[in-house]
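Novice: I have a structure I would like to understand better, so I am pasting it below and will then ask my questions one at a time.
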Amino acid sequence: MKISIQQIKELRIKTGSGFMECKTALQKSNGDIKRAVDYLRTLGLYIASRKILRKTKFGRIFLYKDKNYGVLLELNSETDFVSNNDEFKNFGQEIVNYAGINKIFSLKSLNDIFNLKKISFISKVRENIVIRRIQYLTGGDYIDSYIHLGKIGVIISGKVLLESMNRYKEYFKNISMHIAASCPLYLSDQNIPKEILKREKNIQKKIAKKTGKNSHVLKSIVNGRMNKFKDKITLLRQNFILDPKIKISDFLSKNSIFINSFVRFQVGEHL
């Protein structure tokens, strides 16, 4: 039967599929829009199944924040072209908003809830789309956040004392920006896993032994290098990017701020 341009247009609006795909679906469905939608959904499942194992190294970080919760979510795609698409941005924001509002932070649950929408999106953009990870923070007096160009996201939770209340938002924002730029892995020395410290110390001992120094000097060398290692990966020991003469711990103490915890996501890290 003859398929009109208006029918094709209507189906494209409903499904987001291409012109020829809509025309074919309508032809196979004898012009029945509902049956054509079902046909395209079935086709979408097929397309998605072929894309699902492709690597997704690009993407964006999405944020949800309310008075008590901060949530970061990473949504990945195969190319930057798709991740910069407005539909991709809207999809990622929809997922993180749903997670934050409903307090659902399981990847399995989110994938189940958004499976049909994800499959439809995959069939439309012809790329694999992956909800890669999600993490949330709660607790403390204040939740702050920072997103840098959609590629790095930070949330922090902390407490403030009365004397710093006038500027506490500015201070927390500065700390969030510092975390985005300086990439600390842990909050304090106490948060560094023992196996990480043990591994690094063994490496530094082997390097130090090559100097041929005596055991007393070697111990001093290793201790110095371990302190530098902690300075690099621990937030409280890092030099503050806005005032490199002081440590983050000094800035917090000076302004009566306490950081409970933080989360930092960067697109594609650890892949």
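Identifiers for the structure tokens are assigned positionally: chains receive A, B, ... in sequence, residues are indexed from 1 per chain, and ligands are indexed from 1 in the order shown.
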Using DSSP on the backbone, list every residue of stretch 21-81 of chain A that comes out as helix (DSSP H, G or I), and give them as JSON, numbers by chain.
Specialist: {"A": [21, 22, 23, 24, 25, 26, 27, 28, 33, 34, 35, 36, 37, 38, 39, 40, 41, 42, 43, 44, 45, 46, 47, 48, 49, 50, 51, 80, 81]}
Novice: Could you give me, as a Markdown table, every stretch 59-175 of chain A residue with an atom at most 9 Å from stretch 29-45 of chain A, plus its closest atom pair and distance in Å to one decimal, counting only C-alpha atoms, rows ordered by chain then number?
Specialist:
```
| residue | atom | partner | partner_atom | distance |
| --- | --- | --- | --- | --- |
| A:Leu116 | CA | A:Arg41 | CA | 8.8 |
| A:Ile119 | CA | A:Leu45 | CA | 6.3 |
| A:Ser120 | CA | A:Gly44 | CA | 5.9 |
| A:Phe121 | CA | A:Gly44 | CA | 8.6 |
| A:Ile122 | CA | A:Gly44 | CA | 7.5 |
| A:Ser123 | CA | A:Gly44 | CA | 4.9 |
| A:Lys124 | CA | A:Gly44 | CA | 8.0 |
```
Novice: Next, dump the selected residues to file, keeping only N, CA and C atoms, as an mmCIF file, in the first residue's frame.
Specialist:
```
data_model
loop_
_atom_site.group_PDB
_atom_site.id
_atom_site.type_symbol
_atom_site.label_atom_id
_atom_site.label_comp_id
_atom_site.auth_asym_id
_atom_site.auth_seq_id
_atom_site.Cartn_x
_atom_site.Cartn_y
_atom_site.Cartn_z
ATOM 1 N N LEU A 116 14.363 -0.051 28.114
ATOM 2 C CA LEU A 116 13.683 0.204 26.846
ATOM 3 C C LEU A 116 14.105 1.535 26.234
ATOM 4 N N ILE A 119 17.640 1.088 24.829
ATOM 5 C CA ILE A 119 17.622 0.332 23.585
ATOM 6 C C ILE A 119 17.135 1.200 22.436
ATOM 7 N N SER A 120 16.091 1.983 22.685
ATOM 8 C CA SER A 120 15.569 2.884 21.661
ATOM 9 C C SER A 120 16.623 3.907 21.250
ATOM 10 N N PHE A 121 17.368 4.422 22.237
ATOM 11 C CA PHE A 121 18.402 5.410 21.951
ATOM 12 C C PHE A 121 19.554 4.777 21.168
ATOM 13 N N ILE A 122 19.942 3.560 21.552
ATOM 14 C CA ILE A 122 21.002 2.842 20.840
ATOM 15 C C ILE A 122 20.617 2.637 19.378
ATOM 16 N N SER A 123 19.366 2.250 19.149
ATOM 17 C CA SER A 123 18.912 2.010 17.778
ATOM 18 C C SER A 123 18.893 3.295 16.960
ATOM 19 N N LYS A 124 18.693 4.409 17.635
ATOM 20 C CA LYS A 124 18.633 5.683 16.936
ATOM 21 C C LYS A 124 20.020 6.212 16.580
#
```
Novice: Enter the distance from atom CA of A:Leu197 to atom CA of A:Met226, in Å, rounded to one decimal.
Specialist: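 Going from atom CA of A:Leu197 over to atom CA of A:Met226 covers 8.2 Å.
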Novice: I'd like to know which residues of stretch 62-127 of chain A are strand (DSSP E) (by DSSP, run on the backbone); could you write them as a PDB file with N, CA and C atoms, in the first residue's frame?
Specialist:
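Saved to selection_2.pdb:
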```pdb
ATOM      1  N   PHE A  62      26.957  13.286  35.062  1.00  0.00           N
ATOM      2  CA  PHE A  62      25.694  13.965  35.383  1.00  0.00           C
ATOM      3  C   PHE A  62      25.522  14.056  36.896  1.00  0.00           C
ATOM      4  N   LEU A  63      24.869  15.145  37.309  1.00  0.00           N
ATOM      5  CA  LEU A  63      24.754  15.460  38.728  1.00  0.00           C
ATOM      6  C   LEU A  63      23.304  15.626  39.151  1.00  0.00           C
ATOM      7  N   TYR A  64      22.990  15.079  40.331  1.00  0.00           N
ATOM      8  CA  TYR A  64      21.742  15.401  41.032  1.00  0.00           C
ATOM      9  C   TYR A  64      22.129  15.848  42.431  1.00  0.00           C
ATOM     10  N   LYS A  65      21.519  16.933  42.889  1.00  0.00           N
ATOM     11  CA  LYS A  65      21.819  17.407  44.238  1.00  0.00           C
ATOM     12  C   LYS A  65      20.567  17.981  44.869  1.00  0.00           C
ATOM     13  N   TYR A  69      21.360  15.011  49.620  1.00  0.00           N
ATOM     14  CA  TYR A  69      22.036  14.035  48.770  1.00  0.00           C
ATOM     15  C   TYR A  69      22.773  14.709  47.625  1.00  0.00           C
ATOM     16  N   GLY A  70      23.906  14.111  47.267  1.00  0.00           N
ATOM     17  CA  GLY A  70      24.599  14.456  46.040  1.00  0.00           C
ATOM     18  C   GLY A  70      24.844  13.171  45.285  1.00  0.00           C
ATOM     19  N   VAL A  71      24.553  13.159  43.982  1.00  0.00           N
ATOM     20  CA  VAL A  71      24.681  11.943  43.178  1.00  0.00           C
ATOM     21  C   VAL A  71      25.446  12.254  41.901  1.00  0.00           C
ATOM     22  N   LEU A  72      26.427  11.411  41.579  1.00  0.00           N
ATOM     23  CA  LEU A  72      27.139  11.495  40.306  1.00  0.00           C
ATOM     24  C   LEU A  72      26.872  10.234  39.502  1.00  0.00           C
ATOM     25  N   LEU A  73      26.662  10.411  38.204  1.00  0.00           N
ATOM     26  CA  LEU A  73      26.440   9.279  37.305  1.00  0.00           C
ATOM     27  C   LEU A  73      27.266   9.471  36.050  1.00  0.00           C
ATOM     28  N   GLU A  74      27.888   8.397  35.576  1.00  0.00           N
ATOM     29  CA  GLU A  74      28.623   8.439  34.315  1.00  0.00           C
ATOM     30  C   GLU A  74      27.861   7.634  33.268  1.00  0.00           C
ATOM     31  N   LEU A  75      27.537   8.301  32.163  1.00  0.00           N
ATOM     32  CA  LEU A  75      26.887   7.656  31.020  1.00  0.00           C
ATOM     33  C   LEU A  75      27.863   7.692  29.856  1.00  0.00           C
ATOM     34  N   ASN A  76      28.125   6.533  29.256  1.00  0.00           N
ATOM     35  CA  ASN A  76      29.149   6.425  28.219  1.00  0.00           C
ATOM     36  C   ASN A  76      28.569   6.159  26.838  1.00  0.00           C
ATOM     37  N   SER A  77      29.328   6.587  25.837  1.00  0.00           N
ATOM     38  CA  SER A  77      29.006   6.342  24.434  1.00  0.00           C
ATOM     39  C   SER A  77      30.299   5.969  23.708  1.00  0.00           C
TER      40      SER A  77
END
```
Novice: Applying 9 Å and only C-alpha atoms, which residues near A:Tyr146 remain after dropping the ones on its own chain fewer than 5 positions away? List them as JSON, numbers by chain.
Specialist: {"A": [63, 152, 153, 154, 155, 173, 176, 177, 180]}
Novice: Those selected residues, please, written with N, CA, C and O atoms and delivered as a PDB file, in the first residue's frame.
Specialist:
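Below is the file that was written, again32.pdb:
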```pdb
ATOM      1  N   LEU A  63      24.869  15.145  37.309  1.00  0.00           N
ATOM      2  CA  LEU A  63      24.754  15.460  38.728  1.00  0.00           C
ATOM      3  C   LEU A  63      23.304  15.626  39.151  1.00  0.00           C
ATOM      4  O   LEU A  63      22.499  16.238  38.444  1.00  0.00           O
ATOM      5  N   ILE A 152      34.211  16.037  34.171  1.00  0.00           N
ATOM      6  CA  ILE A 152      34.655  15.766  35.541  1.00  0.00           C
ATOM      7  C   ILE A 152      33.552  16.227  36.488  1.00  0.00           C
ATOM      8  O   ILE A 152      33.008  17.328  36.317  1.00  0.00           O
ATOM      9  N   GLY A 153      33.220  15.388  37.449  1.00  0.00           N
ATOM     10  CA  GLY A 153      32.200  15.752  38.425  1.00  0.00           C
ATOM     11  C   GLY A 153      32.689  15.515  39.836  1.00  0.00           C
ATOM     12  O   GLY A 153      33.415  14.549  40.099  1.00  0.00           O
ATOM     13  N   VAL A 154      32.318  16.400  40.755  1.00  0.00           N
ATOM     14  CA  VAL A 154      32.732  16.291  42.155  1.00  0.00           C
ATOM     15  C   VAL A 154      31.535  16.566  43.054  1.00  0.00           C
ATOM     16  O   VAL A 154      30.758  17.485  42.792  1.00  0.00           O
ATOM     17  N   ILE A 155      31.372  15.761  44.093  1.00  0.00           N
ATOM     18  CA  ILE A 155      30.445  16.083  45.172  1.00  0.00           C
ATOM     19  C   ILE A 155      31.194  15.938  46.495  1.00  0.00           C
ATOM     20  O   ILE A 155      32.031  15.047  46.649  1.00  0.00           O
ATOM     21  N   LYS A 173      32.678  25.489  47.383  1.00  0.00           N
ATOM     22  CA  LYS A 173      32.826  25.500  45.927  1.00  0.00           C
ATOM     23  C   LYS A 173      34.297  25.499  45.535  1.00  0.00           C
ATOM     24  O   LYS A 173      34.705  24.788  44.600  1.00  0.00           O
ATOM     25  N   SER A 176      35.608  22.032  45.978  1.00  0.00           N
ATOM     26  CA  SER A 176      35.117  21.162  44.904  1.00  0.00           C
ATOM     27  C   SER A 176      35.931  21.364  43.628  1.00  0.00           C
ATOM     28  O   SER A 176      36.304  20.391  42.944  1.00  0.00           O
ATOM     29  N   MET A 177      36.239  22.615  43.301  1.00  0.00           N
ATOM     30  CA  MET A 177      37.035  22.908  42.114  1.00  0.00           C
ATOM     31  C   MET A 177      38.462  22.387  42.266  1.00  0.00           C
ATOM     32  O   MET A 177      39.066  21.898  41.306  1.00  0.00           O
ATOM     33  N   ALA A 180      38.416  18.674  41.583  1.00  0.00           N
ATOM     34  CA  ALA A 180      38.308  18.430  40.144  1.00  0.00           C
ATOM     35  C   ALA A 180      39.659  18.576  39.456  1.00  0.00           C
ATOM     36  O   ALA A 180      40.034  17.769  38.607  1.00  0.00           O
TER      37      ALA A 180
END
```
Novice: Would you kindly return, as a VMD selection string, each protein, DNA or RNA residue with an atom no farther than 12 Å from any atom of stretch 133-136 of chain A, considering only C-alpha atoms and excluding same-chain residues fewer than 2 positions away?
Specialist: chain A and resid 59 to 66 68 to 76 92 95 to 97 99 to 101 103 to 111 130 to 131 138 to 139 143 to 145 153 to 157 261 to 271
Novice: Atom CA of A:Asn90 to atom CA of A:Gln7: how many Å, to one decimal?
Specialist: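 If I compute the distance from atom CA of A:Asn90 to atom CA of A:Gln7, I get 26.7 Å.
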Novice: So how far away is atom CA of A:Gly158 from atom CA of A:Gln93, in Å?
Specialist: 24.7 Å
Novice: Return the single residue from A:Phe258, A:Phe251, A:Phe88, A:Tyr186 that is closest to A:Leu235, with distances computed using only C-alpha atoms.
Specialist: A:Tyr186
Novice: As a PyMOL selection string, please: the residues near A:Leu252 (cut-off 9 Å, only C-alpha atoms, same-chain neighbours under 5 positions excluded).
Specialist: chain A and resi 171+236+247+257-259
Novice: Hey, can you spit out that residue selection with N, CA, C and O atoms as a PDB file, in the first residue's frame?
Specialist:
```pdb
ATOM      1  N   TYR A 171      33.551  28.709  50.065  1.00  0.00           N
ATOM      2  CA  TYR A 171      34.647  27.839  50.472  1.00  0.00           C
ATOM      3  C   TYR A 171      34.454  26.416  49.956  1.00  0.00           C
ATOM      4  O   TYR A 171      35.390  25.790  49.451  1.00  0.00           O
ATOM      5  N   LEU A 236      43.681  16.287  52.069  1.00  0.00           N
ATOM      6  CA  LEU A 236      44.073  17.166  53.166  1.00  0.00           C
ATOM      7  C   LEU A 236      45.547  17.557  53.118  1.00  0.00           C
ATOM      8  O   LEU A 236      45.932  18.579  53.688  1.00  0.00           O
ATOM      9  N   LYS A 247      48.254  24.189  52.771  1.00  0.00           N
ATOM     10  CA  LYS A 247      47.634  22.891  52.531  1.00  0.00           C
ATOM     11  C   LYS A 247      46.111  23.029  52.630  1.00  0.00           C
ATOM     12  O   LYS A 247      45.588  23.949  53.263  1.00  0.00           O
ATOM     13  N   ILE A 257      35.934  24.679  58.630  1.00  0.00           N
ATOM     14  CA  ILE A 257      35.211  23.749  57.764  1.00  0.00           C
ATOM     15  C   ILE A 257      35.737  22.335  58.001  1.00  0.00           C
ATOM     16  O   ILE A 257      36.935  22.135  58.208  1.00  0.00           O
ATOM     17  N   PHE A 258      34.840  21.374  57.932  1.00  0.00           N
ATOM     18  CA  PHE A 258      35.229  19.964  58.059  1.00  0.00           C
ATOM     19  C   PHE A 258      34.652  19.196  56.872  1.00  0.00           C
ATOM     20  O   PHE A 258      33.462  19.311  56.571  1.00  0.00           O
ATOM     21  N   ILE A 259      35.495  18.429  56.169  1.00  0.00           N
ATOM     22  CA  ILE A 259      35.038  17.621  55.047  1.00  0.00           C
ATOM     23  C   ILE A 259      34.809  16.188  55.528  1.00  0.00           C
ATOM     24  O   ILE A 259      35.721  15.556  56.069  1.00  0.00           O
TER      25      ILE A 259
END
```
